Amino acid sequence: MRAQGTGLVAEAETRVFDGGARVTCPVCPHACSIREGSVGLCGARGIQDGQVVSLNFGEASALSVDPIEKKPLARFHPGASILSYGSFGCNMTCAFCQNADISQVRACGRPQTTFVAPDELVGKARELEQAGNIGVALTYNEPLIAPEYLLAVGRLLHEAEMRLVVVTNGYATPEAFDECCAVTDAMNIDLKCFTAEGYERLGAPGGLACVIRNIEAAHQAGVHVEVTTLVVPGLSDGKEDFIRECDWLASISPEIPLHLTRFFPRFNAQDEKPTNVDLLHQFKGIAEHRLKHVYLGNV
């Protein structure tokens with residue numbers, strides 16, 4: 001295990017409970033209070049020698065070359081390819097998780113991984129440059145729970161004049177998110193729904209306020225931002241909530257691309273029905289009255 005500590009905050013808060021020291025992780029709003037030898041809710045952060053560490057630093061569960069459009073990014077270097085890296089762990093517990101085998105560590109266990117150091121990953125990206133590769137995408141699981149790796153890879157990519165793409169749920173503290181933005185060229189951010197109650201159901205208290213704050217912050221920082229909403233029956237298929245979502249996105253910029261994707265039964269939502277295709281087309285029409293770039297996926 002190649003755990004790495006974080007420099008995102010000057011000092012992590014240390015408290016003592018039941019006679020044992022615990023350290024508060026500063027990376028996401030869960031602010032897990034972790035005891036030595038245990039892990040946070042994400043399954044990928046722990047405590048070693050009194051410090052918060054990333055347990056999935058460089059631990060690759062997936063590595064492949066994808067079209068940039070698969071991230072999905074429709075308006076960032078279209079036609080290019082990107083080296084996609086995934087690890088394990090996530091700080092949300094979505095019942096419909098499409099990558100549960102690597103993201104939902106507590107439920108599914110830790111996947112097999114291969115260690116890929118930041119310089120090795122960037123070296124692989126550079127080897128593929130002549131074939132149209134523009135950099136690295138951190139994707140598949142939640143990359144913001146390992147900001148140490150993200151920052152290391154991003155800095156090396158920029159030294160090589162290549163790009164870093166981050167595919168994320170956006171559920172991170174302002175300090176962690178803003179520092180990651182400084183080395184990120186493009187993000188696709190999942191806006192899971194547009195109600196606070198919906199995020200509570202996904203195991204992300206305060207998630208709506210957190211994610212909309214971070215979408216705004218990324219846009220203001222000059223990161224290329226595209227947003228994805230998976231239209232899930234009973235969670236994100238309410239017309240009035242979706243209108244509010246589109247109005248809010250348009251208030252930041254009508255140029256922000258919005259991807260609407262269809263839900264299919266996955267993980268712990270096997271008994272649910274796929275999203276009605278007619279509803280997806282209706283939502284696309286609603287969005288196009290407010291946003292200039294709207295895309296349907298998985299229809």
# chains A, B, ... in the order shown; residues from 1 in each chain; ligands from 1
call {"tool": "select_by_dssp", "arguments": {"residues": "region 11-155 of chain A", "states": "strand (DSSP E)", "output": "NGL selection string"}}
result
:A and (14-17 or 20-24 or 33-35 or 45-48 or 51-54 or 59-60 or 62-67 or 81-86 or 114-115 or 133-138)
call {"tool": "select_by_dssp", "arguments": {"residues": "region 32-137 of chain A", "states": "alpha helix (DSSP H)", "output": "JSON, numbers by chain"}}
result
{"A": [100, 101, 102, 103, 105, 106, 107, 108, 118, 119, 120, 121, 122, 123, 124, 125, 126, 127]}
call {"tool": "closest_residue", "arguments": {"among": "A:Glu148, A:Glu127, A:Glu288, A:Glu159", "to": "Glu255 (chain A)", "atoms": "only C-alpha atoms"}}
result
A:Glu288
call {"tool": "residues_around", "arguments": {"residues": "Ala74 (chain A)", "least_positions_apart": "5", "cutoff": "9 Å", "atoms": "only C-alpha atoms", "output": "PyMOL selection string"}}
result
chain A and resi 68-69+226+257+259+293+295
call {"tool": "write_last_selection", "arguments": {"atoms": "all heavy atoms", "output": "mmCIF file, in the first residue's frame"}}
result
data_model
loop_
_atom_site.group_PDB
_atom_site.id
_atom_site.type_symbol
_atom_site.label_atom_id
_atom_site.label_comp_id
_atom_site.auth_asym_id
_atom_site.auth_seq_id
_atom_site.Cartn_x
_atom_site.Cartn_y
_atom_site.Cartn_z
ATOM 1 N N ILE A 68 -12.499 11.331 -26.213
ATOM 2 C CA ILE A 68 -12.816 12.374 -25.227
ATOM 3 C C ILE A 68 -14.325 12.493 -25.027
ATOM 4 O O ILE A 68 -14.799 12.812 -23.936
ATOM 5 C CB ILE A 68 -12.198 13.721 -25.662
ATOM 6 C CG1 ILE A 68 -12.229 14.737 -24.520
ATOM 7 C CG2 ILE A 68 -12.901 14.291 -26.890
ATOM 8 C CD1 ILE A 68 -11.173 14.510 -23.483
ATOM 9 N N GLU A 69 -15.092 12.187 -26.070
ATOM 10 C CA GLU A 69 -16.549 12.288 -25.989
ATOM 11 C C GLU A 69 -17.149 11.292 -25.008
ATOM 12 O O GLU A 69 -18.279 11.467 -24.539
ATOM 13 C CB GLU A 69 -17.171 12.075 -27.372
ATOM 14 C CG GLU A 69 -16.928 13.220 -28.348
ATOM 15 C CD GLU A 69 -15.563 13.171 -29.028
ATOM 16 O OE1 GLU A 69 -14.791 12.203 -28.782
ATOM 17 O OE2 GLU A 69 -15.265 14.108 -29.798
ATOM 18 N N GLU A 226 -18.409 20.818 -18.175
ATOM 19 C CA GLU A 226 -19.625 20.248 -18.730
ATOM 20 C C GLU A 226 -20.327 19.497 -17.603
ATOM 21 O O GLU A 226 -19.674 18.992 -16.673
ATOM 22 C CB GLU A 226 -19.325 19.337 -19.920
ATOM 23 C CG GLU A 226 -18.570 20.080 -21.024
ATOM 24 C CD GLU A 226 -18.541 19.364 -22.372
ATOM 25 O OE1 GLU A 226 -19.354 18.434 -22.582
ATOM 26 O OE2 GLU A 226 -17.709 19.768 -23.221
ATOM 27 N N PRO A 257 -22.226 23.062 -21.500
ATOM 28 C CA PRO A 257 -22.915 21.899 -22.064
ATOM 29 C C PRO A 257 -23.571 21.050 -20.970
ATOM 30 O O PRO A 257 -22.994 20.840 -19.899
ATOM 31 C CB PRO A 257 -21.790 21.118 -22.756
ATOM 32 C CG PRO A 257 -20.708 22.130 -22.988
ATOM 33 C CD PRO A 257 -20.782 23.034 -21.790
ATOM 34 N N HIS A 259 -25.319 17.259 -20.406
ATOM 35 C CA HIS A 259 -25.532 15.910 -20.909
ATOM 36 C C HIS A 259 -26.639 15.251 -20.101
ATOM 37 O O HIS A 259 -26.547 15.169 -18.868
ATOM 38 C CB HIS A 259 -24.247 15.081 -20.789
ATOM 39 C CG HIS A 259 -23.084 15.642 -21.539
ATOM 40 N ND1 HIS A 259 -22.714 15.180 -22.788
ATOM 41 C CD2 HIS A 259 -22.211 16.646 -21.219
ATOM 42 C CE1 HIS A 259 -21.651 15.870 -23.200
ATOM 43 N NE2 HIS A 259 -21.332 16.760 -22.271
ATOM 44 N N HIS A 293 -26.067 24.092 -25.591
ATOM 45 C CA HIS A 293 -25.455 22.812 -25.941
ATOM 46 C C HIS A 293 -26.034 21.721 -25.040
ATOM 47 O O HIS A 293 -25.626 21.591 -23.881
ATOM 48 C CB HIS A 293 -23.935 22.879 -25.807
ATOM 49 C CG HIS A 293 -23.316 24.076 -26.429
ATOM 50 N ND1 HIS A 293 -23.304 24.274 -27.805
ATOM 51 C CD2 HIS A 293 -22.724 25.166 -25.882
ATOM 52 C CE1 HIS A 293 -22.695 25.408 -28.063
ATOM 53 N NE2 HIS A 293 -22.331 25.984 -26.916
ATOM 54 N N TYR A 295 -27.099 17.514 -24.840
ATOM 55 C CA TYR A 295 -26.828 16.236 -25.477
ATOM 56 C C TYR A 295 -27.560 15.114 -24.752
ATOM 57 O O TYR A 295 -27.694 15.138 -23.521
ATOM 58 C CB TYR A 295 -25.312 15.950 -25.440
ATOM 59 C CG TYR A 295 -24.483 17.041 -26.077
ATOM 60 C CD1 TYR A 295 -24.016 18.106 -25.307
ATOM 61 C CD2 TYR A 295 -24.205 17.030 -27.433
ATOM 62 C CE1 TYR A 295 -23.265 19.129 -25.882
ATOM 63 C CE2 TYR A 295 -23.465 18.044 -28.019
ATOM 64 C CZ TYR A 295 -22.996 19.088 -27.245
ATOM 65 O OH TYR A 295 -22.265 20.109 -27.814
#
call {"tool": "residues_around", "arguments": {"residues": "Cys108 (chain A)", "least_positions_apart": "3", "cutoff": "12 Å", "atoms": "only C-alpha atoms", "output": "ChimeraX atom specification"}}
result
/A:43,88-90,93,97,99-105,111-112,267-268
call {"tool": "atom_distance", "arguments": {"atom1": "CA of Arg110 (chain A)", "atom2": "CA of Gly86 (chain A)"}}
result
12.9 Å
call {"tool": "atom_distance", "arguments": {"atom1": "CA of Pro147 (chain A)", "atom2": "CA of Gln4 (chain A)"}}
result
9.9 Å
call {"tool": "residues_around", "arguments": {"residues": "region 202-206 of chain A", "least_positions_apart": "2", "cutoff": "6 Å", "atoms": "only C-alpha atoms", "output": "PyMOL selection string"}}
result
chain A and resi 92-94+199-200+208-209
call {"tool": "write_last_selection", "arguments": {"atoms": "C-alpha atoms", "output": "mmCIF file, in the first residue's frame"}}
result
data_model
loop_
_atom_site.group_PDB
_atom_site.id
_atom_site.type_symbol
_atom_site.label_atom_id
_atom_site.label_comp_id
_atom_site.auth_asym_id
_atom_site.auth_seq_id
_atom_site.Cartn_x
_atom_site.Cartn_y
_atom_site.Cartn_z
ATOM 1 C CA MET A 92 -21.486 8.839 -2.344
ATOM 2 C CA THR A 93 -23.552 5.677 -1.986
ATOM 3 C CA CYS A 94 -25.835 5.834 -5.041
ATOM 4 C CA TYR A 199 -28.639 14.222 -2.252
ATOM 5 C CA GLU A 200 -29.511 12.993 1.230
ATOM 6 C CA LEU A 208 -26.758 20.094 -3.643
ATOM 7 C CA ALA A 209 -25.299 23.268 -2.140
#
call {"tool": "atom_distance", "arguments": {"atom1": "CA of Gln48 (chain A)", "atom2": "CA of Ala3 (chain A)"}}
result
8.3 Å
